[in-house]
Amino acid sequence: MATIEVVLGDITEQRVDAIVTAANESLLGGGGVDGAIHRAAGPGLAEAGAAIAPCDPGDAKATPAFDLAPVQHVIHTVGPVWTGDDGEADTLASCYRRCLQVADELRASSIAFPAIATGVYGFPTDQAARIAVATIRATPTNATRITFVAFDEATHHALITALAG
Ligand code: APR
């Protein structure tokens, strides 16, 4: 059974085997957490992403982490763009589920997630936090440590609240 924790900080500073980036389908990088991870990993990340792109919303694909060592893997996932229809919750849940499956394939024992889709893609933070925690709890994994990394107080509170539920 994995330990699940919430931290307030920068995902590029986490000491884990794999970090998840909230990407777009091109896997070439962008702003937000994706931009931070690509800046920290260096240009090899976009090259490796381009070689395995596209990544569909709800799916996840892994590359090496390059200059982010000792982090070994970056798991790229594409969240849903929030418009308010029903399918987005399922797509977001799929992001978390697929990332854990990919982490298991990589034999990553520790993995860090950002709050996928809650920035540029506009997914409501509280609802996204509930989906994230529920999906992680429901997905069998060999990982022993799962870390949610909040970049701001509101996201941190939402994740702590979801975890307490
Ligand atoms: N560490 C942890 N979390 C971060 C960091 C960081 N260094 N930088 C930003 N975040 C947080 C944001 O505050 C937000 O809570 O990551 C969460 C996700 O926001 P975005 O990065 O905007 O991701 P998303 O909403 O999924 O939008 C993805 O934005 O950057 C582009 O290429 C990306 O097109 C894609 C879209």
# chains A, B, ... in the order shown; residues from 1 in each chain; ligands from 1
$ residues_near_ligand --ligand "ligand 1" --cutoff "8 Å" --atoms "only C-alpha atoms and all ligand atoms" --output "count of residues only"
41
$ residues_around --residues "Arg137 of chain A" --least-positions-apart "4" --cutoff "10 Å" --atoms "only C-alpha atoms" --output "PyMOL selection string"
chain A and resi 1-2+4+97+131-133+141+163
$ closest_residue --among "A:Ala112, A:Ala41, A:Ala164, A:Ala143" --to "Leu8 of chain A" --atoms "only C-alpha atoms"
A:Ala112
$ atom_distance --atom1 "atom CA of Lys61 of chain A" --atom2 "atom CA of Trp82 of chain A"
21.6 Å
$ residues_around --residues "Pro43 of chain A" --least-positions-apart "2" --cutoff "10 Å" --atoms "only C-alpha atoms" --output "PyMOL selection string"
chain A and resi 28-29+38-41+45-48+66-67
$ residues_around --residues "Glu105 of chain A" --least-positions-apart "6" --cutoff "12 Å" --atoms "only C-alpha atoms" --output "ChimeraX atom specification"
/A:18,60-62,73,75,98-99,141-143
$ select_by_dssp --residues "segment 42-122 of chain A" --states "helix (DSSP H, G or I)" --output "MDAnalysis selection string"
chainID A and resid 44:52 66:68 87:105
$ write_last_selection --atoms "N, CA and C atoms" --output "PDB file, in the first residue's frame"
ATOM      1  N   GLY A  44      16.735  17.981 -24.077  1.00  0.00           N
ATOM      2  CA  GLY A  44      16.524  16.574 -24.412  1.00  0.00           C
ATOM      3  C   GLY A  44      15.103  16.121 -24.160  1.00  0.00           C
ATOM      4  N   LEU A  45      14.422  16.783 -23.204  1.00  0.00           N
ATOM      5  CA  LEU A  45      13.067  16.347 -22.861  1.00  0.00           C
ATOM      6  C   LEU A  45      12.103  16.568 -24.014  1.00  0.00           C
ATOM      7  N   ALA A  46      12.200  17.724 -24.657  1.00  0.00           N
ATOM      8  CA  ALA A  46      11.311  18.011 -25.793  1.00  0.00           C
ATOM      9  C   ALA A  46      11.638  17.089 -26.976  1.00  0.00           C
ATOM     10  N   GLU A  47      12.921  16.814 -27.160  1.00  0.00           N
ATOM     11  CA  GLU A  47      13.311  15.897 -28.260  1.00  0.00           C
ATOM     12  C   GLU A  47      12.731  14.502 -28.008  1.00  0.00           C
ATOM     13  N   ALA A  48      12.859  14.036 -26.758  1.00  0.00           N
ATOM     14  CA  ALA A  48      12.327  12.701 -26.429  1.00  0.00           C
ATOM     15  C   ALA A  48      10.806  12.695 -26.512  1.00  0.00           C
ATOM     16  N   GLY A  49      10.192  13.816 -26.107  1.00  0.00           N
ATOM     17  CA  GLY A  49       8.727  13.902 -26.185  1.00  0.00           C
ATOM     18  C   GLY A  49       8.252  13.855 -27.620  1.00  0.00           C
ATOM     19  N   ALA A  50       8.938  14.616 -28.489  1.00  0.00           N
ATOM     20  CA  ALA A  50       8.537  14.659 -29.903  1.00  0.00           C
ATOM     21  C   ALA A  50       8.600  13.271 -30.539  1.00  0.00           C
ATOM     22  N   ALA A  51       9.549  12.463 -30.049  1.00  0.00           N
ATOM     23  CA  ALA A  51       9.738  11.130 -30.639  1.00  0.00           C
ATOM     24  C   ALA A  51       8.594  10.175 -30.293  1.00  0.00           C
ATOM     25  N   ILE A  52       7.829  10.481 -29.232  1.00  0.00           N
ATOM     26  CA  ILE A  52       6.740   9.564 -28.833  1.00  0.00           C
ATOM     27  C   ILE A  52       5.378  10.252 -28.912  1.00  0.00           C
ATOM     28  N   PHE A  66      16.521  13.306 -18.023  1.00  0.00           N
ATOM     29  CA  PHE A  66      17.674  14.112 -18.438  1.00  0.00           C
ATOM     30  C   PHE A  66      18.291  14.893 -17.276  1.00  0.00           C
ATOM     31  N   ASP A  67      18.335  16.206 -17.352  1.00  0.00           N
ATOM     32  CA  ASP A  67      19.050  16.997 -16.331  1.00  0.00           C
ATOM     33  C   ASP A  67      18.332  17.047 -14.989  1.00  0.00           C
ATOM     34  N   LEU A  68      17.177  16.390 -14.891  1.00  0.00           N
ATOM     35  CA  LEU A  68      16.452  16.368 -13.597  1.00  0.00           C
ATOM     36  C   LEU A  68      17.009  15.299 -12.663  1.00  0.00           C
ATOM     37  N   GLY A  87     -17.578  14.503 -19.571  1.00  0.00           N
ATOM     38  CA  GLY A  87     -16.444  13.630 -19.880  1.00  0.00           C
ATOM     39  C   GLY A  87     -15.145  14.016 -19.224  1.00  0.00           C
ATOM     40  N   GLU A  88     -15.051  15.250 -18.732  1.00  0.00           N
ATOM     41  CA  GLU A  88     -13.748  15.736 -18.270  1.00  0.00           C
ATOM     42  C   GLU A  88     -13.287  15.048 -16.990  1.00  0.00           C
ATOM     43  N   ALA A  89     -14.234  14.719 -16.124  1.00  0.00           N
ATOM     44  CA  ALA A  89     -13.846  14.040 -14.878  1.00  0.00           C
ATOM     45  C   ALA A  89     -13.232  12.677 -15.196  1.00  0.00           C
ATOM     46  N   ASP A  90     -13.827  11.970 -16.165  1.00  0.00           N
ATOM     47  CA  ASP A  90     -13.293  10.651 -16.537  1.00  0.00           C
ATOM     48  C   ASP A  90     -11.912  10.783 -17.172  1.00  0.00           C
ATOM     49  N   THR A  91     -11.726  11.819 -17.981  1.00  0.00           N
ATOM     50  CA  THR A  91     -10.416  12.011 -18.619  1.00  0.00           C
ATOM     51  C   THR A  91      -9.350  12.323 -17.576  1.00  0.00           C
ATOM     52  N   LEU A  92      -9.713  13.168 -16.590  1.00  0.00           N
ATOM     53  CA  LEU A  92      -8.743  13.499 -15.541  1.00  0.00           C
ATOM     54  C   LEU A  92      -8.402  12.259 -14.706  1.00  0.00           C
ATOM     55  N   ALA A  93      -9.412  11.478 -14.373  1.00  0.00           N
ATOM     56  CA  ALA A  93      -9.164  10.234 -13.617  1.00  0.00           C
ATOM     57  C   ALA A  93      -8.242   9.318 -14.417  1.00  0.00           C
ATOM     58  N   SER A  94      -8.465   9.277 -15.715  1.00  0.00           N
ATOM     59  CA  SER A  94      -7.621   8.440 -16.574  1.00  0.00           C
ATOM     60  C   SER A  94      -6.172   8.900 -16.541  1.00  0.00           C
ATOM     61  N   CYS A  95      -5.936  10.206 -16.467  1.00  0.00           N
ATOM     62  CA  CYS A  95      -4.555  10.709 -16.370  1.00  0.00           C
ATOM     63  C   CYS A  95      -3.848  10.090 -15.166  1.00  0.00           C
ATOM     64  N   TYR A  96      -4.490  10.151 -13.999  1.00  0.00           N
ATOM     65  CA  TYR A  96      -3.863   9.623 -12.780  1.00  0.00           C
ATOM     66  C   TYR A  96      -3.676   8.115 -12.864  1.00  0.00           C
ATOM     67  N   ARG A  97      -4.682   7.428 -13.388  1.00  0.00           N
ATOM     68  CA  ARG A  97      -4.614   5.971 -13.484  1.00  0.00           C
ATOM     69  C   ARG A  97      -3.496   5.548 -14.459  1.00  0.00           C
ATOM     70  N   ARG A  98      -3.449   6.162 -15.603  1.00  0.00           N
ATOM     71  CA  ARG A  98      -2.434   5.791 -16.596  1.00  0.00           C
ATOM     72  C   ARG A  98      -1.028   6.131 -16.099  1.00  0.00           C
ATOM     73  N   CYS A  99      -0.880   7.250 -15.393  1.00  0.00           N
ATOM     74  CA  CYS A  99       0.447   7.591 -14.865  1.00  0.00           C
ATOM     75  C   CYS A  99       0.938   6.516 -13.890  1.00  0.00           C
ATOM     76  N   LEU A 100       0.044   6.014 -13.036  1.00  0.00           N
ATOM     77  CA  LEU A 100       0.448   4.950 -12.098  1.00  0.00           C
ATOM     78  C   LEU A 100       0.793   3.675 -12.854  1.00  0.00           C
ATOM     79  N   GLN A 101       0.033   3.376 -13.896  1.00  0.00           N
ATOM     80  CA  GLN A 101       0.331   2.177 -14.689  1.00  0.00           C
ATOM     81  C   GLN A 101       1.702   2.305 -15.362  1.00  0.00           C
ATOM     82  N   VAL A 102       1.986   3.468 -15.902  1.00  0.00           N
ATOM     83  CA  VAL A 102       3.285   3.688 -16.549  1.00  0.00           C
ATOM     84  C   VAL A 102       4.399   3.635 -15.507  1.00  0.00           C
ATOM     85  N   ALA A 103       4.150   4.209 -14.328  1.00  0.00           N
ATOM     86  CA  ALA A 103       5.160   4.154 -13.257  1.00  0.00           C
ATOM     87  C   ALA A 103       5.453   2.709 -12.873  1.00  0.00           C
ATOM     88  N   ASP A 104       4.419   1.865 -12.835  1.00  0.00           N
ATOM     89  CA  ASP A 104       4.638   0.442 -12.532  1.00  0.00           C
ATOM     90  C   ASP A 104       5.466  -0.225 -13.619  1.00  0.00           C
ATOM     91  N   GLU A 105       5.177   0.107 -14.882  1.00  0.00           N
ATOM     92  CA  GLU A 105       5.971  -0.473 -15.984  1.00  0.00           C
ATOM     93  C   GLU A 105       7.453  -0.077 -15.858  1.00  0.00           C
TER      94      GLU A 105
END
$ atom_distance --atom1 "atom CA of Thr77 of chain A" --atom2 "atom CA of Cys55 of chain A"
7.1 Å
$ select_by_dssp --residues "chain A" --states "strand (DSSP E)" --output "PyMOL selection string"
chain A and resi 3-8+18-22+60-64+73-77+110-113+145-150
$ write_last_selection --atoms "N, CA and C atoms" --output "CSV table (one decimal), in the first residue's frame"
chain,number,residue,atom,x,y,z
A,3,THR,N,2.2,5.1,0.4
A,3,THR,CA,2.0,6.2,1.3
A,3,THR,C,1.7,7.4,0.4
A,4,ILE,N,0.6,8.1,0.7
A,4,ILE,CA,0.2,9.3,-0.1
A,4,ILE,C,0.4,10.5,0.7
A,5,GLU,N,1.1,11.5,0.2
A,5,GLU,CA,1.4,12.7,0.9
A,5,GLU,C,1.1,13.9,0.0
A,6,VAL,N,0.9,15.1,0.6
A,6,VAL,CA,0.7,16.4,-0.1
A,6,VAL,C,1.8,17.3,0.4
A,7,VAL,N,2.5,17.9,-0.5
A,7,VAL,CA,3.5,18.9,-0.2
A,7,VAL,C,3.2,20.2,-0.9
A,8,LEU,N,3.7,21.3,-0.4
A,8,LEU,CA,3.6,22.7,-1.0
A,8,LEU,C,5.0,23.0,-1.5
A,18,ALA,N,10.1,9.3,-10.4
A,18,ALA,CA,9.4,9.8,-11.6
A,18,ALA,C,8.5,11.0,-11.2
A,19,ILE,N,8.6,12.0,-12.1
A,19,ILE,CA,7.7,13.2,-11.9
A,19,ILE,C,6.7,13.2,-13.1
A,20,VAL,N,5.5,13.7,-12.8
A,20,VAL,CA,4.5,13.8,-13.8
A,20,VAL,C,4.4,15.2,-14.3
A,21,THR,N,4.4,15.4,-15.6
A,21,THR,CA,4.1,16.7,-16.1
A,21,THR,C,2.8,16.8,-16.8
A,22,ALA,N,2.1,18.0,-16.6
A,22,ALA,CA,0.8,18.3,-17.2
A,22,ALA,C,1.1,18.9,-18.6
A,60,ALA,N,-0.9,8.6,-20.9
A,60,ALA,CA,0.4,9.0,-20.2
A,60,ALA,C,1.5,8.2,-21.0
A,61,LYS,N,2.7,9.0,-21.2
A,61,LYS,CA,3.8,8.4,-21.8
A,61,LYS,C,5.1,8.8,-21.1
A,62,ALA,N,6.1,8.0,-21.0
A,62,ALA,CA,7.3,8.3,-20.3
A,62,ALA,C,8.5,8.6,-21.1
A,63,THR,N,9.4,9.4,-20.6
A,63,THR,CA,10.7,9.7,-21.2
A,63,THR,C,11.7,9.7,-20.1
A,64,PRO,N,13.0,9.7,-20.5
A,64,PRO,CA,14.0,9.9,-19.4
A,64,PRO,C,13.8,11.3,-18.8
A,73,HIS,N,12.6,9.5,-14.5
A,73,HIS,CA,11.6,9.5,-15.5
A,73,HIS,C,10.7,10.7,-15.4
A,74,VAL,N,10.3,11.2,-16.6
A,74,VAL,CA,9.2,12.2,-16.6
A,74,VAL,C,8.0,11.4,-17.3
A,75,ILE,N,6.9,11.4,-16.6
A,75,ILE,CA,5.7,10.8,-17.2
A,75,ILE,C,4.8,12.0,-17.7
A,76,HIS,N,4.6,12.0,-19.0
A,76,HIS,CA,3.9,13.1,-19.6
A,76,HIS,C,2.4,12.7,-19.7
A,77,THR,N,1.5,13.5,-19.2
A,77,THR,CA,0.1,13.2,-19.3
A,77,THR,C,-0.6,14.5,-19.7
A,110,SER,N,8.6,5.7,-6.4
A,110,SER,CA,8.1,7.0,-5.9
A,110,SER,C,7.8,7.9,-7.1
A,111,ILE,N,6.6,8.6,-7.0
A,111,ILE,CA,6.1,9.4,-8.1
A,111,ILE,C,5.5,10.6,-7.5
A,112,ALA,N,5.8,11.8,-8.2
A,112,ALA,CA,5.2,13.0,-7.8
A,112,ALA,C,4.3,13.6,-8.9
A,113,PHE,N,3.1,14.0,-8.5
A,113,PHE,CA,2.1,14.6,-9.4
A,113,PHE,C,1.9,16.0,-9.1
A,145,ARG,N,5.5,5.3,-2.6
A,145,ARG,CA,5.4,6.7,-2.1
A,145,ARG,C,4.8,7.5,-3.3
A,146,ILE,N,3.6,8.2,-3.0
A,146,ILE,CA,3.0,9.0,-4.0
A,146,ILE,C,2.8,10.4,-3.4
A,147,THR,N,3.4,11.4,-4.1
A,147,THR,CA,3.4,12.8,-3.6
A,147,THR,C,2.6,13.7,-4.5
A,148,PHE,N,1.6,14.4,-3.9
A,148,PHE,CA,0.9,15.4,-4.7
A,148,PHE,C,1.7,16.7,-4.4
A,149,VAL,N,2.1,17.4,-5.4
A,149,VAL,CA,2.9,18.7,-5.2
A,149,VAL,C,2.0,19.9,-5.6
A,150,ALA,N,1.6,20.6,-4.5
A,150,ALA,CA,0.8,21.8,-4.8
A,150,ALA,C,1.7,23.0,-4.9
$ atom_distance --atom1 "atom CA of Asp85 of chain A" --atom2 "atom CA of Ala53 of chain A"
26.2 Å
$ decode --residues "segment 113-131 of chain A" --atoms "N, CA, C and O atoms" --output "CSV table (one decimal), in the first residue's frame"
chain,number,residue,atom,x,y,z
A,113,PHE,N,3.1,14.0,-8.5
A,113,PHE,CA,2.1,14.6,-9.4
A,113,PHE,C,1.9,16.0,-9.1
A,113,PHE,O,1.8,16.5,-8.0
A,114,PRO,N,1.7,16.8,-10.2
A,114,PRO,CA,1.2,18.2,-10.0
A,114,PRO,C,-0.3,18.1,-10.0
A,114,PRO,O,-0.9,17.0,-10.2
A,115,ALA,N,-1.0,19.2,-9.8
A,115,ALA,CA,-2.5,19.2,-9.9
A,115,ALA,C,-2.9,19.4,-11.4
A,115,ALA,O,-3.2,20.4,-11.9
A,116,ILE,N,-2.9,18.3,-12.0
A,116,ILE,CA,-3.1,18.2,-13.5
A,116,ILE,C,-4.4,18.9,-13.9
A,116,ILE,O,-5.5,18.8,-13.2
A,117,ALA,N,-4.3,19.7,-14.9
A,117,ALA,CA,-5.5,20.4,-15.6
A,117,ALA,C,-6.1,21.5,-14.8
A,117,ALA,O,-7.0,22.2,-15.3
A,118,THR,N,-5.5,21.9,-13.6
A,118,THR,CA,-6.1,22.9,-12.8
A,118,THR,C,-5.6,24.3,-13.1
A,118,THR,O,-6.0,25.3,-12.5
A,119,GLY,N,-4.6,24.4,-14.0
A,119,GLY,CA,-4.1,25.7,-14.4
A,119,GLY,C,-4.6,26.2,-15.7
A,119,GLY,O,-5.8,26.6,-15.8
A,120,VAL,N,-3.8,26.2,-16.7
A,120,VAL,CA,-4.2,26.7,-18.0
A,120,VAL,C,-5.5,26.0,-18.5
A,120,VAL,O,-6.4,26.6,-19.1
A,121,TYR,N,-5.6,24.7,-18.1
A,121,TYR,CA,-6.8,24.0,-18.6
A,121,TYR,C,-8.1,24.2,-17.8
A,121,TYR,O,-9.2,23.7,-18.2
A,122,GLY,N,-8.0,24.9,-16.7
A,122,GLY,CA,-9.1,25.5,-16.0
A,122,GLY,C,-10.0,24.5,-15.2
A,122,GLY,O,-11.1,24.9,-14.8
A,123,PHE,N,-9.5,23.3,-14.9
A,123,PHE,CA,-10.4,22.4,-14.2
A,123,PHE,C,-10.5,22.9,-12.7
A,123,PHE,O,-9.5,23.2,-12.1
A,124,PRO,N,-11.7,22.9,-12.2
A,124,PRO,CA,-11.9,23.4,-10.8
A,124,PRO,C,-11.0,22.7,-9.8
A,124,PRO,O,-11.1,21.4,-9.8
A,125,THR,N,-10.3,23.4,-9.0
A,125,THR,CA,-9.3,22.8,-8.1
A,125,THR,C,-9.8,21.8,-7.1
A,125,THR,O,-9.3,20.6,-7.0
A,126,ASP,N,-10.9,22.1,-6.5
A,126,ASP,CA,-11.4,21.2,-5.4
A,126,ASP,C,-11.9,19.9,-6.1
A,126,ASP,O,-11.7,18.8,-5.5
A,127,GLN,N,-12.6,20.0,-7.2
A,127,GLN,CA,-13.1,18.8,-7.9
A,127,GLN,C,-12.0,18.0,-8.4
A,127,GLN,O,-12.0,16.8,-8.2
A,128,ALA,N,-11.0,18.6,-8.9
A,128,ALA,CA,-9.8,17.9,-9.5
A,128,ALA,C,-9.1,17.2,-8.3
A,128,ALA,O,-8.6,16.0,-8.5
A,129,ALA,N,-9.0,17.8,-7.2
A,129,ALA,CA,-8.3,17.2,-6.0
A,129,ALA,C,-9.0,15.9,-5.6
A,129,ALA,O,-8.4,14.9,-5.3
A,130,ARG,N,-10.3,16.0,-5.6
A,130,ARG,CA,-11.1,14.8,-5.2
A,130,ARG,C,-10.9,13.7,-6.2
A,130,ARG,O,-10.8,12.5,-5.8
A,131,ILE,N,-10.9,14.0,-7.4
A,131,ILE,CA,-10.8,13.0,-8.5
A,131,ILE,C,-9.4,12.4,-8.4
A,131,ILE,O,-9.2,11.2,-8.4
